[in-house]
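A.B. asks: You'll find target_24.cif just under this line, and it carries mmCIF, C-alpha atoms and all ligand atoms.
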data_final
loop_
_atom_site.label_atom_id
_atom_site.label_comp_id
_atom_site.auth_asym_id
_atom_site.auth_seq_id
_atom_site.Cartn_x
_atom_site.Cartn_y
_atom_site.Cartn_z
CA MET A 1 13.72 -9.71 0.90
CA VAL A 2 10.07 -8.85 0.60
CA LYS A 3 8.77 -6.18 2.99
CA ILE A 4 5.49 -6.43 4.87
CA ALA A 5 3.15 -3.50 5.55
CA ALA A 6 0.43 -3.83 8.20
CA SER A 7 -2.83 -2.20 7.07
CA ILE A 8 -4.38 -0.72 10.21
CA LEU A 9 -7.80 -0.45 8.58
CA ALA A 10 -8.28 -4.06 9.70
CA CYS A 11 -7.19 -3.58 13.32
CA ASP A 12 -9.21 -2.69 16.41
CA LEU A 13 -9.09 1.05 15.82
CA ALA A 14 -10.22 1.84 19.35
CA ARG A 15 -6.87 0.39 20.43
CA LEU A 16 -4.75 1.65 17.57
CA ALA A 17 -1.48 2.21 19.45
CA ASP A 18 -1.65 -1.22 21.13
CA GLU A 19 -2.49 -2.91 17.84
CA VAL A 20 0.51 -1.33 16.13
CA LYS A 21 2.79 -2.28 19.05
CA ARG A 22 1.52 -5.85 18.85
CA VAL A 23 2.79 -6.28 15.27
CA GLU A 24 5.72 -3.85 15.11
CA HIS A 25 8.38 -6.51 15.66
CA VAL A 26 7.40 -8.48 12.55
CA VAL A 27 6.43 -5.84 9.99
CA ASP A 28 8.49 -3.32 8.04
CA MET A 29 5.98 -0.50 7.76
CA ILE A 30 2.50 0.67 8.67
CA HIS A 31 -0.07 1.14 5.91
CA PHE A 32 -2.51 3.99 6.61
CA ASP A 33 -5.62 4.01 4.39
CA VAL A 34 -7.28 7.41 4.00
CA MET A 35 -10.79 7.22 2.49
CA ASP A 36 -13.08 10.14 1.82
CA GLY A 37 -16.43 8.56 0.89
CA HIS A 38 -16.13 10.02 -2.63
CA PHE A 39 -13.37 8.18 -4.44
CA VAL A 40 -14.23 5.03 -2.49
CA PRO A 41 -17.48 4.01 -0.78
CA ASN A 42 -16.08 4.20 2.74
CA ILE A 43 -14.73 6.77 5.19
CA SER A 44 -11.75 5.81 7.35
CA PHE A 45 -9.43 8.23 9.17
CA GLY A 46 -7.17 11.15 8.37
CA LEU A 47 -4.78 13.83 9.62
CA PRO A 48 -5.52 13.91 13.39
CA VAL A 49 -5.18 10.13 13.62
CA LEU A 50 -1.89 10.20 11.73
CA ARG A 51 -0.61 12.88 14.10
CA CYS A 52 -1.32 10.63 17.10
CA LEU A 53 -0.02 7.47 15.47
CA ARG A 54 3.24 9.15 14.48
CA LYS A 55 4.15 9.49 18.17
CA GLU A 56 3.51 5.80 18.79
CA THR A 57 5.77 4.11 16.24
CA ARG A 58 9.14 4.50 14.60
CA LEU A 59 8.17 2.36 11.64
CA PRO A 60 7.76 4.12 8.30
CA ILE A 61 4.15 5.11 7.68
CA VAL A 62 2.77 4.71 4.17
CA VAL A 63 -0.26 6.93 3.61
CA HIS A 64 -2.54 5.50 0.91
CA LEU A 65 -4.75 8.36 -0.23
CA MET A 66 -8.09 7.18 -1.59
CA ILE A 67 -9.47 10.70 -1.88
CA THR A 68 -10.46 13.14 -4.58
CA ASN A 69 -8.24 16.22 -4.98
CA PRO A 70 -5.20 14.63 -3.33
CA GLU A 71 -3.08 17.66 -4.26
CA ASP A 72 -4.90 19.66 -1.57
CA PHE A 73 -3.77 17.29 1.19
CA VAL A 74 -0.38 15.73 0.46
CA ASP A 75 1.64 18.50 2.15
CA ARG A 76 -0.34 18.14 5.35
CA PHE A 77 -0.02 14.37 5.45
CA ILE A 78 3.75 14.75 5.04
CA GLU A 79 3.84 17.37 7.80
CA GLU A 80 2.02 14.95 10.09
CA GLY A 81 4.58 12.23 9.48
CA ALA A 82 3.93 10.29 6.27
CA ASP A 83 7.16 8.74 4.98
CA VAL A 84 5.56 7.49 1.77
CA VAL A 85 2.51 9.00 0.06
CA VAL A 86 0.53 6.88 -2.37
CA VAL A 87 -1.77 8.71 -4.78
CA HIS A 88 -4.19 7.09 -7.16
CA TYR A 89 -3.68 7.50 -10.90
CA GLU A 90 -7.48 7.85 -11.16
CA THR A 91 -7.73 10.85 -8.81
CA THR A 92 -5.62 13.49 -10.49
CA HIS A 93 -5.16 15.21 -13.85
CA HIS A 94 -1.63 16.25 -12.95
CA LEU A 95 0.10 13.17 -11.66
CA HIS A 96 3.58 14.32 -12.68
CA ARG A 97 3.23 17.56 -10.75
CA LEU A 98 1.76 15.76 -7.74
CA VAL A 99 4.52 13.14 -7.64
CA HIS A 100 7.14 15.88 -7.62
CA GLN A 101 5.21 17.85 -5.01
CA ILE A 102 5.47 14.79 -2.74
CA LYS A 103 9.18 14.25 -3.44
CA ASP A 104 10.02 17.93 -3.01
CA ARG A 105 8.48 17.78 0.48
CA GLY A 106 10.85 14.94 1.36
CA ALA A 107 8.54 11.91 1.16
CA LYS A 108 8.59 8.97 -1.22
CA ALA A 109 5.97 9.01 -3.95
CA PHE A 110 4.04 5.94 -5.06
CA VAL A 111 1.26 5.78 -7.63
CA ALA A 112 -1.66 3.39 -7.12
CA ILE A 113 -3.76 1.82 -9.85
CA ASN A 114 -7.23 0.36 -9.47
CA PRO A 115 -7.99 -3.11 -10.87
CA HIS A 116 -9.38 -1.64 -14.09
CA THR A 117 -6.41 0.62 -14.80
CA PRO A 118 -3.80 -0.90 -17.15
CA ILE A 119 -0.09 -0.62 -16.40
CA SER A 120 0.49 0.79 -19.90
CA LEU A 121 -0.80 4.11 -18.52
CA LEU A 122 2.26 4.23 -16.26
CA SER A 123 4.81 4.20 -19.08
CA GLU A 124 5.66 7.90 -18.75
CA ILE A 125 5.43 8.30 -14.97
CA ILE A 126 7.28 5.13 -14.03
CA VAL A 127 10.69 6.87 -14.08
CA ASP A 128 9.47 9.51 -11.61
CA VAL A 129 7.91 7.36 -8.89
CA ASP A 130 9.54 5.40 -6.07
CA GLY A 131 6.92 2.68 -6.31
CA VAL A 132 3.68 1.45 -7.80
CA LEU A 133 0.81 0.15 -5.67
CA VAL A 134 -1.22 -2.45 -7.53
CA MET A 135 -4.73 -2.67 -6.09
CA SER A 136 -5.65 -6.33 -6.08
CA VAL A 137 -9.17 -5.59 -4.79
CA ASN A 138 -11.44 -2.63 -5.46
CA PRO A 139 -10.41 -0.09 -2.84
CA GLY A 140 -12.71 0.66 0.08
CA TYR A 141 -12.55 -2.24 2.50
CA SER A 142 -10.24 -4.73 4.15
CA GLY A 143 -11.02 -8.42 3.99
CA GLN A 144 -11.94 -8.69 0.31
CA ARG A 145 -10.97 -11.48 -2.05
CA PHE A 146 -7.82 -11.13 -4.18
CA ILE A 147 -8.59 -10.50 -7.86
CA ALA A 148 -6.66 -13.24 -9.66
CA ARG A 149 -5.81 -11.19 -12.76
CA SER A 150 -3.68 -8.89 -10.61
CA LEU A 151 -0.92 -11.48 -10.72
CA GLU A 152 -0.39 -11.02 -14.45
CA LYS A 153 -0.43 -7.27 -13.97
CA ILE A 154 2.32 -7.53 -11.37
CA ARG A 155 4.38 -9.77 -13.64
CA ASN A 156 4.07 -7.32 -16.54
CA LEU A 157 4.82 -4.34 -14.34
CA HIS A 158 7.92 -6.08 -13.03
CA LYS A 159 8.99 -6.66 -16.65
CA MET A 160 8.41 -2.98 -17.51
CA ILE A 161 10.50 -1.88 -14.52
CA ARG A 162 13.30 -4.34 -15.24
CA GLU A 163 13.48 -3.44 -18.92
CA GLN A 164 14.04 0.19 -18.00
CA GLY A 165 16.70 -0.67 -15.44
CA LEU A 166 14.68 0.88 -12.62
CA GLU A 167 14.47 -0.06 -8.94
CA THR A 168 10.81 0.85 -8.54
CA GLU A 169 9.03 -0.95 -5.69
CA ILE A 170 5.90 -2.97 -6.41
CA MET A 171 3.44 -2.85 -3.52
CA VAL A 172 0.45 -5.19 -3.66
CA ASP A 173 -2.65 -4.19 -1.69
CA GLY A 174 -5.81 -6.20 -1.12
CA GLY A 175 -6.56 -9.81 -0.33
CA VAL A 176 -2.94 -10.83 0.22
CA ASN A 177 -2.86 -14.06 2.23
CA GLU A 178 -0.90 -17.24 2.87
CA GLU A 179 -2.11 -18.71 -0.39
CA ASN A 180 -0.95 -16.02 -2.75
CA ALA A 181 1.93 -14.24 -0.96
CA GLN A 182 4.71 -16.43 -2.27
CA ILE A 183 3.60 -16.35 -5.89
CA LEU A 184 3.22 -12.57 -5.72
CA VAL A 185 6.82 -12.23 -4.58
CA LYS A 186 8.00 -14.60 -7.29
CA ASN A 187 6.31 -12.41 -9.86
CA GLY A 188 7.93 -9.20 -8.67
CA ALA A 189 6.05 -7.85 -5.63
CA THR A 190 8.51 -6.18 -3.24
CA ILE A 191 6.07 -4.98 -0.56
CA LEU A 192 2.99 -6.90 0.55
CA VAL A 193 0.22 -5.01 2.35
CA MET A 194 -1.86 -7.11 4.73
CA GLY A 195 -4.89 -6.16 6.78
CA TYR A 196 -6.85 -9.29 7.65
CA GLY A 197 -3.73 -11.41 7.14
CA ILE A 198 -2.14 -9.68 10.14
CA PHE A 199 -4.82 -8.20 12.39
CA ARG A 200 -7.47 -10.89 11.96
CA ASN A 201 -5.10 -13.83 12.02
CA GLU A 202 -3.81 -15.42 15.24
CA ASN A 203 -0.87 -16.90 13.35
CA TYR A 204 0.35 -13.69 11.77
CA GLU A 205 3.89 -14.05 13.14
CA LYS A 206 4.30 -17.48 11.61
CA LEU A 207 2.74 -16.35 8.35
CA ILE A 208 5.12 -13.40 8.02
CA ALA A 209 8.13 -15.54 8.92
CA THR A 210 7.13 -18.06 6.25
CA ILE A 211 6.66 -15.38 3.60
CA LYS A 212 10.00 -13.79 4.45
CA SER A 213 11.86 -17.06 4.40
CA GLY A 214 10.66 -17.72 0.86
CA ARG A 215 9.43 -21.14 1.94
CA ALA A 216 5.96 -21.49 0.54
CA GLU A 217 3.71 -23.60 2.72
CA PHE A 218 0.81 -22.88 0.44
CA GLU A 219 0.87 -21.91 -3.18
CA VAL A 220 -1.76 -21.27 -5.79
C1 LIG B 301 -8.40 -1.42 0.65
C2 LIG B 301 -7.18 -0.94 1.40
C3 LIG B 301 -6.26 -2.03 1.83
C4 LIG B 301 -6.88 -3.00 2.81
C5 LIG B 301 -6.09 -4.28 2.83
O1 LIG B 301 -9.06 -0.34 0.10
O2 LIG B 301 -6.44 -0.05 0.59
O3 LIG B 301 -5.05 -1.50 2.35
O4 LIG B 301 -6.96 -2.47 4.11
O5 LIG B 301 -6.72 -5.21 3.68
P1 LIG B 301 -6.75 -6.77 3.35
O6 LIG B 301 -5.34 -7.25 3.39
O7 LIG B 301 -7.61 -7.34 4.45
O8 LIG B 301 -7.36 -6.93 1.99
ZN ZN B 302 -4.39 0.47 1.17
#
Could I get this structure in the form of structure tokens?
C.D. replies:
Amino acid sequence: MVKIAASILACDLARLADEVKRVEHVVDMIHFDVMDGHFVPNISFGLPVLRCLRKETRLPIVVHLMITNPEDFVDRFIEEGADVVVVHYETTHHLHRLVHQIKDRGAKAFVAINPHTPISLLSEIIVDVDGVLVMSVNPGYSGQRFIARSLEKIRNLHKMIREQGLETEIMVDGGVNEENAQILVKNGATILVMGYGIFRNENYEKLIATIKSGRAEFEV
């Protein structure tokens, strides 16, 4: 069954612990977006916030690093409680080393690709990672519109993974909503990240239940 990750970038950050507690019973993991104002045009939150959040939830925390020089920070994010670390293909020259650095420290390693990055560039690293995060918006903000071409990318990635007999997760991040969730799952997405879909949506419980049941109320 598809897993749902709540992206806290879209919540009321002044009430972070309460916001997480409000959605904990319906989501499978918390998605924690770290932005440095260099790799992406926004600055979010980092290590001290993760330290505090770790004490407030037992859900797995996925740290999505949208920062330059991620190798300088992955150990510290794992020490502060990251269960999964996602690093961008575009931010490092030594992805293989970085992925194994993450795994050696006991966390799961995912690689993220921006909308312009083709999945063919993952052909060598795919066997080493626990998952791929497909950015379906340009990273930097919650509440953006889903880029339609991402669907084909997910389908092709799913094919690549299946052909190699791998169990690699496919996480989709950006603009996931009631209209596209079902079709994303059908095309191979195994984890859906949602910011606005959860924190800016009064009917988030119903939406998640519908997605999980596989009953599409809306489809594109
Ligand atoms: C974008 C972030 C996403 C974002 C998702 O840079 O990586 O995780 O918060 O939010 P929605 O679901 O609102 O697009
Ligand atoms: Zn993210």
A.B. asks: Would you mind reading off the distance between atom CA of Ser150 of chain A and atom CA of Thr68 of chain A, one decimal, in Å?
C.D. replies: 23.8 Å
A.B. asks: Show me, as a tab-separated table, the residues of chain A having an atom within 7 Å of ligand LIG 301 (chain B), each with the closest atom pair and its distance in Å, using all atoms listed in the file.
C.D. replies:
residue	atom	partner	partner_atom	distance
A:Ser7	CA	B:LIG301	O4	5.1
A:Ile8	CA	B:LIG301	O4	6.9
A:Leu9	CA	B:LIG301	O4	5.0
A:Ala10	CA	B:LIG301	O4	6.0
A:His31	CA	B:LIG301	O3	6.7
A:Asp33	CA	B:LIG301	O2	5.6
A:His64	CA	B:LIG301	O2	6.8
A:Val137	CA	B:LIG301	C1	6.9
A:Asn138	CA	B:LIG301	O1	6.5
A:Pro139	CA	B:LIG301	O1	3.2
A:Gly140	CA	B:LIG301	O1	3.8
A:Tyr141	CA	B:LIG301	C1	4.6
A:Ser142	CA	B:LIG301	O5	3.6
A:Gly143	CA	B:LIG301	O7	3.6
A:Gln144	CA	B:LIG301	O8	5.2
A:Asp173	CA	B:LIG301	O3	5.4
A:Gly174	CA	B:LIG301	O8	3.6
A:Gly175	CA	B:LIG301	O8	3.8
A:Val176	CA	B:LIG301	O6	5.4
A:Val193	CA	B:LIG301	O6	6.1
A:Met194	CA	B:LIG301	O6	3.7
A:Gly195	CA	B:LIG301	O6	3.6
A:Tyr196	CA	B:LIG301	O7	3.8
A:Gly197	CA	B:LIG301	O6	5.8
A.B. asks: Excluding Met29 of chain A and residues on its chain fewer than 3 positions from it, collect all residues at most 7 Å away from it, counting only C-alpha atoms, and give them as a ChimeraX atom specification.
C.D. replies: /A:4-6,59-61
A.B. asks: One decimal, Å: what's the distance from atom CA of Arg200 of chain A over to atom CA of Ser136 of chain A, could you say?
C.D. replies: 18.7 Å
A.B. asks: What's the 8 Å shell around Ile154 of chain A, counting only C-alpha atoms, without same-chain residues fewer than 3 positions away, as a list in words?
C.D. replies: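 My reading of the contact set: Val134, Ser150, Leu151, Leu157, His158, Ile170, Leu184, Asn187, Gly188 and Ala189 of chain A.
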A.B. asks: Show me, as a ChimeraX atom specification, the residues that have an atom within 12 Å of Ile102 of chain A when counting only C-alpha atoms, minus same-chain residues fewer than 3 positions from it.
C.D. replies: /A:63,70-79,82-87,95-99,105-111,128-130
A.B. asks: I need the residue nearest Glu19 of chain A from this list: A:Ala181, A:Val127, A:Met171, A:Glu56. Use all atoms listed in the file for the distance.
C.D. replies: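 For Glu19 of chain A, the nearest of the given residues is A:Glu56.
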A.B. asks: For atom CA of Ala112 of chain A and atom CA of Val185 of chain A, quote the distance in Å rounded to one decimal.
C.D. replies: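 So the two atoms, atom CA of Ala112 of chain A and atom CA of Val185 of chain A, lie 18.0 Å apart.
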A.B. asks: Counting only C-alpha atoms, which of A:Val26, A:Leu13, A:Met1, A:Val20 gets nearest to Glu205 of chain A?
C.D. replies: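 Smallest distance to Glu205 of chain A is found for A:Val26.
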A.B. asks: Could you check the closest approach to ligand ZN 302 (chain B) for each of A:Leu166, A:Ile113, A:His100, A:Arg15 and tell me which residue wins, using all atoms listed in the file?
C.D. replies: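 That would be A:Ile113, the residue with the smallest distance to ligand ZN 302 (chain B).
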A.B. asks: Missing atoms in segment 86-121 of chain A: can you complete it with N, CA and C atoms, as a PDB file, in the coordinates of the input?
C.D. replies:
ATOM      1  N   VAL A  86       1.014   7.605  -1.194  1.00  0.00           N
ATOM      2  CA  VAL A  86       0.530   6.880  -2.370  1.00  0.00           C
ATOM      3  C   VAL A  86      -0.698   7.612  -2.903  1.00  0.00           C
ATOM      4  N   VAL A  87      -0.620   8.029  -4.171  1.00  0.00           N
ATOM      5  CA  VAL A  87      -1.770   8.710  -4.780  1.00  0.00           C
ATOM      6  C   VAL A  87      -2.300   7.857  -5.934  1.00  0.00           C
ATOM      7  N   HIS A  88      -3.591   7.891  -6.102  1.00  0.00           N
ATOM      8  CA  HIS A  88      -4.190   7.090  -7.160  1.00  0.00           C
ATOM      9  C   HIS A  88      -4.088   7.787  -8.506  1.00  0.00           C
ATOM     10  N   TYR A  89      -3.692   7.021  -9.508  1.00  0.00           N
ATOM     11  CA  TYR A  89      -3.680   7.500 -10.900  1.00  0.00           C
ATOM     12  C   TYR A  89      -5.038   8.094 -11.261  1.00  0.00           C
ATOM     13  N   GLU A  90      -6.111   7.476 -10.748  1.00  0.00           N
ATOM     14  CA  GLU A  90      -7.480   7.850 -11.160  1.00  0.00           C
ATOM     15  C   GLU A  90      -7.968   9.143 -10.508  1.00  0.00           C
ATOM     16  N   THR A  91      -7.204   9.703  -9.565  1.00  0.00           N
ATOM     17  CA  THR A  91      -7.730  10.850  -8.810  1.00  0.00           C
ATOM     18  C   THR A  91      -7.146  12.197  -9.207  1.00  0.00           C
ATOM     19  N   THR A  92      -6.228  12.201 -10.174  1.00  0.00           N
ATOM     20  CA  THR A  92      -5.620  13.490 -10.490  1.00  0.00           C
ATOM     21  C   THR A  92      -5.371  13.661 -11.987  1.00  0.00           C
ATOM     22  N   HIS A  93      -5.484  14.902 -12.452  1.00  0.00           N
ATOM     23  CA  HIS A  93      -5.160  15.210 -13.850  1.00  0.00           C
ATOM     24  C   HIS A  93      -3.686  15.524 -14.008  1.00  0.00           C
ATOM     25  N   HIS A  94      -3.014  15.764 -12.885  1.00  0.00           N
ATOM     26  CA  HIS A  94      -1.630  16.250 -12.950  1.00  0.00           C
ATOM     27  C   HIS A  94      -0.728  15.389 -12.077  1.00  0.00           C
ATOM     28  N   LEU A  95      -0.661  14.140 -12.463  1.00  0.00           N
ATOM     29  CA  LEU A  95       0.100  13.170 -11.660  1.00  0.00           C
ATOM     30  C   LEU A  95       1.581  13.541 -11.577  1.00  0.00           C
ATOM     31  N   HIS A  96       2.154  13.979 -12.670  1.00  0.00           N
ATOM     32  CA  HIS A  96       3.580  14.320 -12.680  1.00  0.00           C
ATOM     33  C   HIS A  96       3.870  15.428 -11.669  1.00  0.00           C
ATOM     34  N   ARG A  97       3.052  16.459 -11.696  1.00  0.00           N
ATOM     35  CA  ARG A  97       3.230  17.560 -10.750  1.00  0.00           C
ATOM     36  C   ARG A  97       3.060  17.074  -9.305  1.00  0.00           C
ATOM     37  N   LEU A  98       2.059  16.246  -9.091  1.00  0.00           N
ATOM     38  CA  LEU A  98       1.760  15.760  -7.740  1.00  0.00           C
ATOM     39  C   LEU A  98       2.897  14.878  -7.203  1.00  0.00           C
ATOM     40  N   VAL A  99       3.411  14.016  -8.049  1.00  0.00           N
ATOM     41  CA  VAL A  99       4.520  13.140  -7.640  1.00  0.00           C
ATOM     42  C   VAL A  99       5.721  13.987  -7.214  1.00  0.00           C
ATOM     43  N   HIS A 100       5.993  15.038  -7.977  1.00  0.00           N
ATOM     44  CA  HIS A 100       7.140  15.880  -7.620  1.00  0.00           C
ATOM     45  C   HIS A 100       6.854  16.767  -6.422  1.00  0.00           C
ATOM     46  N   GLN A 101       5.596  17.113  -6.234  1.00  0.00           N
ATOM     47  CA  GLN A 101       5.210  17.850  -5.010  1.00  0.00           C
ATOM     48  C   GLN A 101       5.544  16.988  -3.790  1.00  0.00           C
ATOM     49  N   ILE A 102       5.211  15.720  -3.850  1.00  0.00           N
ATOM     50  CA  ILE A 102       5.470  14.790  -2.740  1.00  0.00           C
ATOM     51  C   ILE A 102       6.982  14.661  -2.508  1.00  0.00           C
ATOM     52  N   LYS A 103       7.730  14.453  -3.580  1.00  0.00           N
ATOM     53  CA  LYS A 103       9.180  14.250  -3.440  1.00  0.00           C
ATOM     54  C   LYS A 103       9.876  15.526  -2.950  1.00  0.00           C
ATOM     55  N   ASP A 104       9.418  16.665  -3.436  1.00  0.00           N
ATOM     56  CA  ASP A 104      10.020  17.930  -3.010  1.00  0.00           C
ATOM     57  C   ASP A 104       9.826  18.177  -1.519  1.00  0.00           C
ATOM     58  N   ARG A 105       8.743  17.608  -0.960  1.00  0.00           N
ATOM     59  CA  ARG A 105       8.480  17.780   0.480  1.00  0.00           C
ATOM     60  C   ARG A 105       9.217  16.737   1.312  1.00  0.00           C
ATOM     61  N   GLY A 106       9.986  15.882   0.629  1.00  0.00           N
ATOM     62  CA  GLY A 106      10.850  14.940   1.360  1.00  0.00           C
ATOM     63  C   GLY A 106      10.269  13.564   1.598  1.00  0.00           C
ATOM     64  N   ALA A 107       9.115  13.255   0.999  1.00  0.00           N
ATOM     65  CA  ALA A 107       8.540  11.910   1.160  1.00  0.00           C
ATOM     66  C   ALA A 107       8.760  11.107  -0.120  1.00  0.00           C
ATOM     67  N   LYS A 108       8.542   9.806  -0.018  1.00  0.00           N
ATOM     68  CA  LYS A 108       8.590   8.970  -1.220  1.00  0.00           C
ATOM     69  C   LYS A 108       7.223   9.003  -1.881  1.00  0.00           C
ATOM     70  N   ALA A 109       7.226   8.927  -3.196  1.00  0.00           N
ATOM     71  CA  ALA A 109       5.970   9.010  -3.950  1.00  0.00           C
ATOM     72  C   ALA A 109       5.687   7.691  -4.659  1.00  0.00           C
ATOM     73  N   PHE A 110       4.517   7.136  -4.362  1.00  0.00           N
ATOM     74  CA  PHE A 110       4.040   5.940  -5.060  1.00  0.00           C
ATOM     75  C   PHE A 110       2.767   6.297  -5.806  1.00  0.00           C
ATOM     76  N   VAL A 111       2.539   5.618  -6.935  1.00  0.00           N
ATOM     77  CA  VAL A 111       1.260   5.780  -7.630  1.00  0.00           C
ATOM     78  C   VAL A 111       0.499   4.462  -7.532  1.00  0.00           C
ATOM     79  N   ALA A 112      -0.813   4.582  -7.234  1.00  0.00           N
ATOM     80  CA  ALA A 112      -1.660   3.390  -7.120  1.00  0.00           C
ATOM     81  C   ALA A 112      -2.554   3.282  -8.346  1.00  0.00           C
ATOM     82  N   ILE A 113      -2.812   2.039  -8.746  1.00  0.00           N
ATOM     83  CA  ILE A 113      -3.760   1.820  -9.850  1.00  0.00           C
ATOM     84  C   ILE A 113      -4.843   0.839  -9.412  1.00  0.00           C
ATOM     85  N   ASN A 114      -6.077   1.206  -9.752  1.00  0.00           N
ATOM     86  CA  ASN A 114      -7.230   0.360  -9.470  1.00  0.00           C
ATOM     87  C   ASN A 114      -7.196  -0.887 -10.371  1.00  0.00           C
ATOM     88  N   PRO A 115      -8.011  -1.888 -10.044  1.00  0.00           N
ATOM     89  CA  PRO A 115      -7.990  -3.110 -10.870  1.00  0.00           C
ATOM     90  C   PRO A 115      -8.267  -2.863 -12.346  1.00  0.00           C
ATOM     91  N   HIS A 116      -9.055  -1.848 -12.677  1.00  0.00           N
ATOM     92  CA  HIS A 116      -9.380  -1.640 -14.090  1.00  0.00           C
ATOM     93  C   HIS A 116      -8.348  -0.812 -14.836  1.00  0.00           C
ATOM     94  N   THR A 117      -7.378  -0.281 -14.160  1.00  0.00           N
ATOM     95  CA  THR A 117      -6.410   0.620 -14.800  1.00  0.00           C
ATOM     96  C   THR A 117      -5.205  -0.180 -15.310  1.00  0.00           C
ATOM     97  N   PRO A 118      -4.918  -0.108 -16.611  1.00  0.00           N
ATOM     98  CA  PRO A 118      -3.800  -0.900 -17.150  1.00  0.00           C
ATOM     99  C   PRO A 118      -2.440  -0.293 -16.820  1.00  0.00           C
ATOM    100  N   ILE A 119      -1.433  -1.134 -16.717  1.00  0.00           N
ATOM    101  CA  ILE A 119      -0.090  -0.620 -16.400  1.00  0.00           C
ATOM    102  C   ILE A 119       0.497   0.187 -17.549  1.00  0.00           C
ATOM    103  N   SER A 120      -0.048   0.009 -18.766  1.00  0.00           N
ATOM    104  CA  SER A 120       0.490   0.790 -19.900  1.00  0.00           C
ATOM    105  C   SER A 120       0.363   2.293 -19.638  1.00  0.00           C
ATOM    106  N   LEU A 121      -0.617   2.689 -18.809  1.00  0.00           N
ATOM    107  CA  LEU A 121      -0.800   4.110 -18.520  1.00  0.00           C
ATOM    108  C   LEU A 121       0.325   4.669 -17.631  1.00  0.00           C
TER     109      LEU A 121
END
